[in-house]
file start_39.tsv (TSV, C-alpha atoms and all ligand atoms)
chain	number	residue	atom	x	y	z
A	19	MET	CA	0.00	0.00	0.00
A	20	VAL	CA	1.27	3.50	-0.85
A	21	PRO	CA	1.73	5.55	2.36
A	22	ASN	CA	-0.40	8.67	2.60
A	23	ASN	CA	1.98	11.59	3.17
A	24	ASN	CA	-0.68	14.28	2.98
A	25	SER	CA	-0.47	15.96	6.40
A	26	ASN	CA	-3.93	17.56	5.88
A	27	THR	CA	-5.62	14.18	5.85
A	28	GLN	CA	-6.90	13.32	9.32
A	29	ALA	CA	-6.63	9.59	10.01
A	30	PRO	CA	-9.80	8.16	11.60
A	31	ARG	CA	-9.22	7.50	15.29
A	32	MET	CA	-9.26	3.85	16.25
A	33	VAL	CA	-11.75	2.93	18.98
A	34	ASN	CA	-9.77	1.33	21.80
A	35	GLY	CA	-10.34	0.10	25.33
A	36	SER	CA	-10.28	3.57	26.85
A	37	THR	CA	-12.56	5.28	24.30
A	38	GLU	CA	-15.36	7.20	26.06
A	39	LEU	CA	-18.82	6.80	24.56
A	40	VAL	CA	-21.92	8.86	23.95
A	41	ALA	CA	-24.89	7.52	22.02
A	42	ILE	CA	-27.95	8.57	20.05
A	43	VAL	CA	-31.00	6.34	20.31
A	44	GLY	CA	-34.07	6.26	18.06
A	45	SER	CA	-35.71	4.08	15.42
A	46	PRO	CA	-34.93	4.31	12.55
A	47	ILE	CA	-31.51	5.89	13.14
A	48	ALA	CA	-29.71	5.86	9.76
A	49	GLN	CA	-31.00	9.36	8.85
A	50	VAL	CA	-29.54	11.20	11.88
A	51	LYS	CA	-26.68	13.64	11.41
A	52	SER	CA	-25.48	13.79	15.05
A	53	PRO	CA	-22.85	11.00	14.79
A	54	GLU	CA	-21.11	12.87	11.94
A	55	ASN	CA	-21.26	16.23	13.76
A	56	PHE	CA	-20.06	14.80	17.09
A	57	ASN	CA	-17.39	12.43	15.76
A	58	ARG	CA	-15.93	15.16	13.53
A	59	TRP	CA	-15.73	17.47	16.56
A	60	PHE	CA	-14.17	14.74	18.77
A	61	ALA	CA	-11.57	13.96	16.06
A	62	SER	CA	-10.71	17.60	15.41
A	63	ASN	CA	-10.25	18.14	19.17
A	64	ALA	CA	-8.10	14.99	19.47
A	65	LEU	CA	-10.47	13.42	22.00
A	66	ASN	CA	-10.69	9.65	22.45
A	67	ARG	CA	-14.51	9.82	22.40
A	68	VAL	CA	-17.09	8.39	19.97
A	69	MET	CA	-20.83	8.74	19.35
A	70	LEU	CA	-22.65	5.47	18.55
A	71	PRO	CA	-25.96	5.42	16.62
A	72	ILE	CA	-28.30	2.93	18.32
A	73	ASP	CA	-31.53	1.63	16.71
A	74	ILE	CA	-33.63	0.17	19.55
A	75	SER	CA	-37.02	-1.51	19.20
A	76	ALA	CA	-39.89	-0.17	21.32
A	77	GLN	CA	-39.92	-3.35	23.46
A	78	ALA	CA	-36.20	-2.96	24.25
A	79	LEU	CA	-36.38	0.72	25.26
A	80	ALA	CA	-37.00	0.22	29.01
A	81	PRO	CA	-34.20	-2.37	29.50
A	82	PHE	CA	-31.89	-0.21	27.33
A	83	ILE	CA	-32.46	2.83	29.58
A	84	ASP	CA	-31.88	0.66	32.65
A	85	THR	CA	-28.63	-0.62	31.12
A	86	LEU	CA	-27.41	2.99	30.75
A	87	ARG	CA	-27.29	3.24	34.57
A	88	GLY	CA	-24.53	0.66	34.76
A	89	TRP	CA	-22.76	1.58	31.49
A	90	GLN	CA	-19.67	3.11	33.09
A	91	ASN	CA	-17.79	4.33	30.01
A	92	LEU	CA	-20.87	6.11	28.60
A	93	ARG	CA	-21.43	9.81	29.38
A	94	GLY	CA	-24.90	10.16	27.97
A	95	CYS	CA	-27.36	9.59	25.21
A	96	VAL	CA	-29.21	11.82	22.75
A	97	VAL	CA	-32.84	10.74	22.26
A	98	THR	CA	-34.64	11.15	18.96
A	99	VAL	CA	-37.91	10.13	17.28
A	100	PRO	CA	-39.97	8.22	18.35
A	101	TYR	CA	-38.73	7.99	21.95
A	102	LYS	CA	-38.60	11.60	23.24
A	103	GLN	CA	-41.83	11.13	25.22
A	104	GLN	CA	-41.45	7.44	26.16
A	105	VAL	CA	-38.07	7.86	27.93
A	106	VAL	CA	-39.47	10.44	30.38
A	107	GLU	CA	-40.96	7.90	32.79
A	108	HIS	CA	-37.74	5.85	32.97
A	109	LEU	CA	-35.36	8.59	34.15
A	110	ASP	CA	-34.28	9.52	37.69
A	111	GLU	CA	-34.51	13.30	37.34
A	112	LEU	CA	-35.85	15.77	34.76
A	113	SER	CA	-35.07	19.43	34.11
A	114	GLU	CA	-37.96	21.79	34.81
A	115	ARG	CA	-38.68	22.19	31.08
A	116	ALA	CA	-38.43	18.46	30.30
A	117	ARG	CA	-40.94	17.85	33.11
A	118	ALA	CA	-43.28	20.56	31.79
A	119	LEU	CA	-42.99	19.44	28.16
A	120	ARG	CA	-43.06	15.70	29.03
A	121	SER	CA	-40.28	15.31	26.44
A	122	VAL	CA	-36.56	14.55	26.70
A	123	ASN	CA	-33.98	14.75	23.91
A	124	VAL	CA	-30.82	14.22	25.95
A	125	ILE	CA	-29.83	12.09	28.96
A	126	ARG	CA	-26.72	12.56	31.12
A	127	ARG	CA	-25.36	9.63	33.10
A	128	GLU	CA	-23.99	10.78	36.46
A	129	ALA	CA	-20.96	9.02	37.99
A	130	ASP	CA	-23.28	7.15	40.38
A	131	GLY	CA	-25.41	5.91	37.47
A	132	ARG	CA	-28.36	8.29	37.92
A	133	LEU	CA	-29.93	9.41	34.64
A	134	ILE	CA	-30.89	13.09	34.21
A	135	GLY	CA	-33.06	14.20	31.27
A	136	ASP	CA	-33.39	17.57	29.55
A	137	ASN	CA	-34.89	18.92	26.34
A	138	VAL	CA	-32.53	21.34	24.55
A	139	ASP	CA	-34.47	21.74	21.27
A	140	GLY	CA	-35.42	25.26	22.37
A	141	GLU	CA	-31.92	26.09	23.66
A	142	GLY	CA	-30.50	25.01	20.29
A	143	PHE	CA	-32.92	27.39	18.61
A	144	LEU	CA	-31.88	30.28	20.91
A	145	ASN	CA	-28.21	29.38	20.49
A	146	ALA	CA	-28.57	29.55	16.68
A	147	GLY	CA	-30.31	32.92	17.05
A	148	ARG	CA	-27.46	34.30	19.17
A	149	GLN	CA	-24.98	33.09	16.56
A	150	GLN	CA	-26.98	35.15	14.01
A	151	GLY	CA	-26.92	38.17	16.34
A	152	PHE	CA	-30.54	37.77	17.56
A	153	ASP	CA	-31.31	37.93	21.29
A	154	ALA	CA	-34.89	36.97	22.28
A	155	GLU	CA	-35.01	38.95	25.54
A	156	GLY	CA	-37.72	41.63	25.45
A	157	LYS	CA	-38.86	40.64	21.94
A	158	ARG	CA	-42.41	39.90	20.72
A	159	ALA	CA	-42.43	36.41	19.22
A	160	LEU	CA	-44.72	34.27	17.08
A	161	VAL	CA	-44.30	30.47	16.97
A	162	ILE	CA	-46.15	28.58	14.22
A	163	GLY	CA	-46.52	24.88	15.06
A	164	ALA	CA	-47.36	23.71	18.59
A	165	GLY	CA	-45.95	20.17	18.26
A	166	GLY	CA	-42.78	18.73	19.85
A	167	VAL	CA	-40.26	21.26	18.53
A	168	GLY	CA	-42.63	24.25	18.59
A	169	SER	CA	-43.48	23.57	22.25
A	170	ALA	CA	-39.80	23.34	23.21
A	171	ILE	CA	-38.96	26.54	21.31
A	172	ALA	CA	-41.91	28.40	22.82
A	173	TYR	CA	-40.91	27.27	26.34
A	174	SER	CA	-37.30	28.40	25.84
A	175	LEU	CA	-38.43	31.74	24.40
A	176	CYS	CA	-40.45	32.29	27.60
A	177	GLN	CA	-37.42	31.32	29.72
A	178	ALA	CA	-35.28	33.72	27.66
A	179	GLY	CA	-37.59	36.63	28.58
A	180	VAL	CA	-39.64	37.46	25.48
A	181	SER	CA	-42.10	40.28	26.25
A	182	ALA	CA	-45.06	38.61	24.51
A	183	LEU	CA	-45.68	35.31	22.74
A	184	SER	CA	-48.26	34.29	20.13
A	185	LEU	CA	-48.96	30.72	19.04
A	186	ALA	CA	-50.52	29.35	15.84
A	187	ASP	CA	-51.23	25.78	14.77
A	188	VAL	CA	-53.72	24.21	12.34
A	189	SER	CA	-54.90	22.21	15.34
A	190	PRO	CA	-56.77	24.57	17.72
A	191	GLN	CA	-56.53	21.87	20.40
A	192	ARG	CA	-52.69	21.81	20.19
A	193	THR	CA	-52.55	25.63	20.23
A	194	GLN	CA	-54.74	25.80	23.31
A	195	SER	CA	-52.99	23.06	25.25
A	196	LEU	CA	-49.56	24.64	24.65
A	197	ALA	CA	-50.96	28.06	25.62
A	198	GLN	CA	-52.34	26.57	28.83
A	199	LEU	CA	-49.02	24.87	29.67
A	200	LEU	CA	-47.08	28.12	29.11
A	201	ARG	CA	-49.58	30.29	30.99
A	202	SER	CA	-49.23	28.11	34.06
A	203	ALA	CA	-45.40	28.06	33.82
A	204	PHE	CA	-45.07	31.80	33.00
A	205	PRO	CA	-48.16	33.47	34.52
A	206	GLU	CA	-46.83	37.04	34.02
A	207	LEU	CA	-46.29	36.67	30.26
A	208	PRO	CA	-48.99	37.71	27.73
A	209	ILE	CA	-49.67	34.62	25.58
A	210	SER	CA	-52.03	34.96	22.61
A	211	THR	CA	-53.54	32.40	20.25
A	212	GLN	CA	-54.94	35.02	17.85
A	213	VAL	CA	-52.77	36.31	14.97
A	214	ASP	CA	-54.37	39.12	12.93
A	215	SER	CA	-51.21	40.84	11.69
A	216	LEU	CA	-47.43	40.28	11.67
A	217	GLU	CA	-46.55	43.93	12.11
A	218	ALA	CA	-45.92	43.80	15.87
A	219	PHE	CA	-43.54	40.80	15.81
A	220	ASP	CA	-39.76	40.94	16.23
A	221	LEU	CA	-39.43	37.16	15.75
A	222	ILE	CA	-41.47	34.86	13.51
A	223	THR	CA	-40.65	31.15	13.74
A	224	ASN	CA	-41.96	28.33	11.63
A	225	ALA	CA	-41.79	25.24	13.89
A	226	SER	CA	-44.16	23.20	11.68
A	227	PRO	CA	-43.08	20.90	8.83
A	228	VAL	CA	-44.63	23.30	6.28
A	229	GLY	CA	-42.11	24.10	3.52
A	230	MET	CA	-40.33	20.73	3.70
A	231	GLY	CA	-39.09	19.17	0.47
A	232	ASP	CA	-40.31	20.81	-2.73
A	233	SER	CA	-43.84	21.53	-1.46
A	234	GLY	CA	-43.33	25.29	-1.93
A	235	GLU	CA	-45.82	25.82	0.92
A	236	LEU	CA	-45.89	28.79	3.28
A	237	PRO	CA	-47.03	28.44	6.91
A	238	LEU	CA	-48.96	31.75	6.91
A	239	SER	CA	-51.56	33.22	4.54
A	240	GLU	CA	-50.47	35.63	1.79
A	241	ALA	CA	-52.58	38.32	3.43
A	242	LEU	CA	-50.64	37.99	6.70
A	243	LEU	CA	-47.27	37.72	4.94
A	244	HIS	CA	-48.03	40.92	3.05
A	245	GLY	CA	-47.56	42.71	6.39
A	246	LEU	CA	-44.25	41.01	7.29
A	247	PRO	CA	-42.02	43.82	8.61
A	248	ALA	CA	-38.44	44.04	7.27
A	249	THR	CA	-37.28	44.48	10.89
A	250	ALA	CA	-38.39	40.95	11.88
A	251	HIS	CA	-36.02	38.03	12.45
A	252	VAL	CA	-37.55	35.06	10.63
A	253	ALA	CA	-36.56	31.51	11.59
A	254	ASP	CA	-37.46	28.07	10.26
A	255	VAL	CA	-36.85	24.63	11.80
A	256	VAL	CA	-37.21	22.76	8.48
A	257	THR	CA	-33.80	21.40	7.48
A	258	ALA	CA	-34.42	20.56	3.81
A	259	PRO	CA	-34.53	22.77	1.88
A	260	GLU	CA	-32.17	24.98	3.85
A	261	ILE	CA	-33.86	28.12	2.47
A	262	THR	CA	-37.56	27.34	2.79
A	263	PRO	CA	-40.21	29.34	0.88
A	264	LEU	CA	-40.82	31.34	4.10
A	265	LEU	CA	-37.12	32.18	4.48
A	266	ALA	CA	-36.81	33.10	0.78
A	267	LEU	CA	-39.75	35.49	1.12
A	268	ALA	CA	-38.36	36.95	4.37
A	269	ARG	CA	-34.90	37.44	2.87
A	270	ALA	CA	-36.39	39.20	-0.17
A	271	ARG	CA	-38.27	41.47	2.25
A	272	GLY	CA	-34.98	42.40	3.95
A	273	CYS	CA	-35.54	40.41	7.18
A	274	SER	CA	-32.70	38.63	8.97
A	275	ILE	CA	-33.14	34.87	8.69
A	276	GLN	CA	-32.20	31.73	10.65
A	277	THR	CA	-32.26	28.27	9.05
A	278	GLY	CA	-33.11	24.76	10.29
A	279	PRO	CA	-29.56	23.45	9.69
A	280	GLN	CA	-28.18	26.36	11.76
A	281	MET	CA	-30.46	25.26	14.62
A	282	ALA	CA	-29.43	21.61	14.24
A	283	LEU	CA	-25.73	22.47	14.35
A	284	ALA	CA	-26.11	24.92	17.24
A	285	GLN	CA	-28.13	22.33	19.16
A	286	ALA	CA	-25.35	19.74	18.81
A	287	GLY	CA	-23.33	22.03	21.11
A	288	ASN	CA	-26.18	22.12	23.66
A	289	LEU	CA	-26.59	18.33	23.55
A	290	GLY	CA	-22.85	17.66	23.92
A	291	HIS	CA	-22.45	20.25	26.66
A	292	PHE	CA	-25.31	18.73	28.69
A	293	MET	CA	-23.64	15.29	28.48
A	294	GLY	CA	-20.25	16.82	29.40
A	295	ALA	CA	-18.86	15.66	26.06
A	296	THR	CA	-18.34	18.84	23.97
A	297	ALA	CA	-18.07	22.60	24.21
A	298	LEU	CA	-21.30	24.62	24.01
A	299	VAL	CA	-20.42	25.93	20.55
A	300	LEU	CA	-19.03	23.30	18.17
A	401	LIG	P1	-44.84	17.53	15.35
A	401	LIG	O1	-45.62	16.65	14.43
A	401	LIG	O2	-44.73	17.18	16.79
A	401	LIG	O3	-45.47	19.01	15.28
A	401	LIG	C1	-45.75	19.70	14.08
A	401	LIG	C2	-46.88	20.70	14.36
A	401	LIG	O4	-47.07	21.50	13.21
A	401	LIG	C3	-48.24	20.01	14.64
A	401	LIG	O5	-48.78	20.50	15.86
A	401	LIG	C4	-49.08	20.37	13.44
A	401	LIG	O6	-50.46	20.47	13.75
A	401	LIG	C5	-48.47	21.70	13.04
A	401	LIG	N1	-48.76	22.13	11.69
A	401	LIG	C6	-48.77	21.37	10.55
A	401	LIG	N2	-49.10	22.15	9.49
A	401	LIG	C7	-49.30	23.40	9.95
A	401	LIG	C8	-49.66	24.64	9.34
A	401	LIG	N3	-49.92	24.73	8.04
A	401	LIG	N4	-49.76	25.73	10.14
A	401	LIG	C9	-49.56	25.65	11.47
A	401	LIG	N5	-49.21	24.50	12.09
A	401	LIG	C10	-49.08	23.40	11.35
A	401	LIG	O7	-43.42	17.69	14.67
A	401	LIG	P2	-42.07	18.22	15.37
A	401	LIG	O8	-41.36	17.07	15.98
A	401	LIG	O9	-42.41	19.40	16.20
A	401	LIG	O10	-41.22	18.64	14.10
A	401	LIG	C11	-41.57	19.79	13.32
A	401	LIG	C12	-40.48	20.06	12.29
A	401	LIG	O11	-39.27	20.39	12.96
A	401	LIG	C13	-40.15	18.87	11.39
A	401	LIG	O12	-40.07	19.35	10.06
A	401	LIG	C14	-38.79	18.40	11.87
A	401	LIG	O13	-38.03	17.84	10.85
A	401	LIG	C15	-38.18	19.74	12.32
A	401	LIG	N6	-37.08	19.63	13.28
A	401	LIG	C16	-36.00	20.44	13.11
A	401	LIG	C17	-34.96	20.42	14.03
A	401	LIG	C18	-33.76	21.29	13.81
A	401	LIG	O14	-32.80	21.19	14.59
A	401	LIG	N7	-33.75	22.16	12.82
A	401	LIG	C19	-35.03	19.60	15.16
A	401	LIG	C20	-36.14	18.78	15.33
A	401	LIG	C21	-37.17	18.82	14.38
call {"tool": "encode", "arguments": {"input": "start_39.tsv", "output": "structure tokens", "more": "lines below"}}
Ligand code: NAD
result
Amino acid sequence: MVPNNNSNTQAPRMVNGSTELVAIVGSPIAQVKSPENFNRWFASNALNRVMLPIDISAQALAPFIDTLRGWQNLRGCVVTVPYKQQVVEHLDELSERARALRSVNVIRREADGRLIGDNVDGEGFLNAGRQQGFDAEGKRALVIGAGGVGSAIAYSLCQAGVSALSLADVSPQRTQSLAQLLRSAFPELPISTQVDSLEAFDLITNASPVGMGDSGELPLSEALLHGLPATAHVADVVTAPEITPLLALARARGCSIQTGPQMALAQAGNLGHFMGATALVL
């Protein structure tokens, strides 16, 4: 074999007996991007640490979580679809927001084996915003989509000190139950479920799947979008396409924009930091 003398080529690190582990669990798992993001960061920081993708069947979830307690060379585990809700009941401690949202997307294993759960979807969103120069404190925000990610983003926006929050979802029941959850957690904050105009908003976030793929769909009516102010920061959670129809329209209007891939990358830092495996910003 011809030796590779290119000093820019980084040799893959060999897993050995002292390699520290983190994991990501879900089913299916082949589509997730976290192992690439984490393992690239571990390699470029010369750390003997690896993220394993784990595809677990629903029946094996409870014994898997129990096994994590005794898995001494594992720092933690990212949790993805469809297990974010199911893992909640198996953990020893939950962050305040994970308890309120009944949803966990990361578990840290303490040295004594206790498992602590948090949900950093919303923190990843805020982290991406900060990286784009947007700070949510004191801002008036609209979140479209009151599902798993929309709920986590809305909760974190409240924690970050927005001055007012509006919610919109095609399901009135989802809108109302998220509004109720947030009103009881943040009783001082004005929370509205009525959106008549976009003019008053500093932040408009699409946290629904609208705009995915080549659908060309927008999550708000043309009449509402006509009033989109150029001063607004417009964010989307959809990862493909990177520039969704909403973001294209916002950019053409002169708004600052924040993409789904920016959130995903920023959140990798929050996930790794919670497990004690990476810096907060990768
Ligand atoms: P979910 O099914 O839990 O929630 C989606 C919500 O959107 C539902 O409440 C649904 O009623 C609502 N909705 C659908 N069409 C709508 C419309 N036209 N107007 C208003 N609301 C509408 O899904 P989820 O887990 O919250 O995921 C939402 C999106 O976020 C997905 O596209 C997912 O891929 C993406 N996501 C992105 C990241 C990231 O880091 N960028 C992370 C996780 C998920």
call {"tool": "closest_residue", "arguments": {"input": "start_39.tsv", "among": "A:Ser45, A:Ser202, A:Arg31, A:Ala241", "to": "Ala61 in chain A", "atoms": "all atoms listed in the file"}}
result
A:Arg31
call {"tool": "closest_atom_pairs", "arguments": {"input": "start_39.tsv", "of": "chain A", "to": "ligand LIG 401 (chain A)", "cutoff": "7 Å", "atoms": "only C-alpha atoms and all ligand atoms", "output": "CSV"}}
result
residue,atom,partner,partner_atom,distance
A:Asp139,CA,A:LIG401,C19,6.5
A:Ile162,CA,A:LIG401,C9,5.3
A:Gly163,CA,A:LIG401,O4,3.9
A:Ala164,CA,A:LIG401,O5,4.4
A:Gly165,CA,A:LIG401,O3,3.2
A:Gly166,CA,A:LIG401,O9,3.7
A:Val167,CA,A:LIG401,O9,3.7
A:Gly168,CA,A:LIG401,O9,5.4
A:Ala186,CA,A:LIG401,C9,5.8
A:Asp187,CA,A:LIG401,N5,3.6
A:Val188,CA,A:LIG401,C9,4.5
A:Ser189,CA,A:LIG401,O6,5.0
A:Arg192,CA,A:LIG401,O5,6.0
A:Ala225,CA,A:LIG401,C11,5.5
A:Ser226,CA,A:LIG401,O4,3.7
A:Pro227,CA,A:LIG401,O12,3.6
A:Val228,CA,A:LIG401,N2,5.6
A:Met230,CA,A:LIG401,O12,6.5
A:Pro237,CA,A:LIG401,N3,4.8
A:Leu238,CA,A:LIG401,N4,6.9
A:Val255,CA,A:LIG401,N7,4.1
A:Val256,CA,A:LIG401,O12,4.7
A:Thr257,CA,A:LIG401,N7,5.4
A:Gly278,CA,A:LIG401,N7,3.7
A:Pro279,CA,A:LIG401,N7,5.4
A:Met281,CA,A:LIG401,O14,4.7
A:Ala282,CA,A:LIG401,O14,3.4
A:Gln285,CA,A:LIG401,O14,6.6
call {"tool": "residues_around", "arguments": {"input": "start_39.tsv", "residues": "range 69-80 of chain A", "least_positions_apart": "5", "cutoff": "12 Å", "atoms": "all atoms listed in the file", "output": "ChimeraX atom specification"}}
result
/A:33,37-61,85-87,91-109,286,289-290,293,295-296
call {"tool": "atom_distance", "arguments": {"input": "start_39.tsv", "atom1": "CA of Leu267 in chain A", "atom2": "CA of Ser184 in chain A"}}
result
20.9 Å
call {"tool": "closest_residue", "arguments": {"input": "start_39.tsv", "among": "A:Leu133, A:Ile171, A:Leu265, A:Val161", "to": "Gln212 in chain A", "atoms": "all atoms listed in the file"}}
result
A:Val161
call {"tool": "closest_residue", "arguments": {"input": "start_39.tsv", "among": "A:Trp89, A:Phe82, A:Tyr173, A:Phe152", "to": "Glu114 in chain A", "atoms": "all atoms listed in the file"}}
result
A:Tyr173
call {"tool": "atom_distance", "arguments": {"input": "start_39.tsv", "atom1": "CA of Leu112 in chain A", "atom2": "CA of Arg158 in chain A"}}
result
28.7 Å
call {"tool": "closest_residue", "arguments": {"input": "start_39.tsv", "among": "A:Ile83, A:Ala297, A:Val180, A:Leu144", "to": "Gln276 in chain A", "atoms": "all atoms listed in the file"}}
result
A:Leu144
call {"tool": "residues_near_point", "arguments": {"input": "start_39.tsv", "point": "(-35.9, 15.2, 31.4)", "cutoff": "8 Å", "atoms": "all atoms listed in the file", "output": "short mmCIF file (atom, residue, chain, number, x, y, z; two decimals) with C-alpha atoms, in the coordinates of the input"}}
result
data_model
loop_
_atom_site.label_atom_id
_atom_site.label_comp_id
_atom_site.auth_asym_id
_atom_site.auth_seq_id
_atom_site.Cartn_x
_atom_site.Cartn_y
_atom_site.Cartn_z
CA VAL A 106 -39.47 10.44 30.38
CA LEU A 109 -35.36 8.59 34.15
CA GLU A 111 -34.51 13.30 37.34
CA LEU A 112 -35.85 15.77 34.76
CA SER A 113 -35.07 19.43 34.11
CA GLU A 114 -37.96 21.79 34.81
CA ARG A 115 -38.68 22.19 31.08
CA ALA A 116 -38.43 18.46 30.30
CA ARG A 117 -40.94 17.85 33.11
CA ARG A 120 -43.06 15.70 29.03
CA SER A 121 -40.28 15.31 26.44
CA VAL A 122 -36.56 14.55 26.70
CA ASN A 123 -33.98 14.75 23.91
CA VAL A 124 -30.82 14.22 25.95
CA ILE A 125 -29.83 12.09 28.96
CA ILE A 134 -30.89 13.09 34.21
CA GLY A 135 -33.06 14.20 31.27
CA ASP A 136 -33.39 17.57 29.55
CA ASN A 137 -34.89 18.92 26.34
#
call {"tool": "atom_distance", "arguments": {"input": "start_39.tsv", "atom1": "CA of Gly234 in chain A", "atom2": "CA of Gln150 in chain A"}}
result
24.9 Å
call {"tool": "decode", "arguments": {"input": "start_39.tsv", "residues": "range 266-279 of chain A", "atoms": "N, CA, C and O atoms", "output": "short mmCIF file (atom, residue, chain, number, x, y, z; two decimals), in the first residue's frame"}}
result
data_model
loop_
_atom_site.label_atom_id
_atom_site.label_comp_id
_atom_site.auth_asym_id
_atom_site.auth_seq_id
_atom_site.Cartn_x
_atom_site.Cartn_y
_atom_site.Cartn_z
N ALA A 266 -37.09 32.39 2.04
CA ALA A 266 -36.81 33.10 0.78
C ALA A 266 -37.62 34.39 0.73
O ALA A 266 -37.09 35.46 0.39
N LEU A 267 -38.90 34.29 1.13
CA LEU A 267 -39.75 35.49 1.12
C LEU A 267 -39.22 36.52 2.12
O LEU A 267 -39.14 37.72 1.82
N ALA A 268 -38.84 36.04 3.32
CA ALA A 268 -38.36 36.95 4.37
C ALA A 268 -37.06 37.64 3.93
O ALA A 268 -36.88 38.85 4.14
N ARG A 269 -36.18 36.86 3.32
CA ARG A 269 -34.90 37.44 2.87
C ARG A 269 -35.13 38.51 1.81
O ARG A 269 -34.52 39.57 1.84
N ALA A 270 -36.07 38.22 0.88
CA ALA A 270 -36.39 39.20 -0.17
C ALA A 270 -36.98 40.46 0.44
O ALA A 270 -36.79 41.57 -0.07
N ARG A 271 -37.67 40.32 1.57
CA ARG A 271 -38.27 41.47 2.25
C ARG A 271 -37.22 42.28 3.02
O ARG A 271 -37.48 43.38 3.47
N GLY A 272 -36.03 41.70 3.21
CA GLY A 272 -34.98 42.40 3.95
C GLY A 272 -34.86 41.96 5.40
O GLY A 272 -34.10 42.55 6.18
N CYS A 273 -35.61 40.91 5.80
CA CYS A 273 -35.54 40.41 7.18
C CYS A 273 -34.24 39.64 7.39
O CYS A 273 -33.68 39.08 6.45
N SER A 274 -33.79 39.57 8.65
CA SER A 274 -32.70 38.63 8.97
C SER A 274 -33.32 37.24 9.07
O SER A 274 -34.49 37.11 9.47
N ILE A 275 -32.57 36.22 8.68
CA ILE A 275 -33.14 34.87 8.69
C ILE A 275 -32.25 33.89 9.46
O ILE A 275 -31.05 34.12 9.63
N GLN A 276 -32.88 32.80 9.88
CA GLN A 276 -32.20 31.73 10.65
C GLN A 276 -32.73 30.40 10.12
O GLN A 276 -33.94 30.19 10.09
N THR A 277 -31.83 29.50 9.72
CA THR A 277 -32.26 28.27 9.05
C THR A 277 -32.35 27.07 10.00
O THR A 277 -31.75 27.07 11.09
N GLY A 278 -33.03 26.02 9.53
CA GLY A 278 -33.11 24.76 10.29
C GLY A 278 -31.74 24.12 10.50
O GLY A 278 -31.43 23.69 11.62
N PRO A 279 -30.89 24.02 9.45
CA PRO A 279 -29.56 23.45 9.69
C PRO A 279 -28.73 24.25 10.70
O PRO A 279 -27.96 23.67 11.46
#
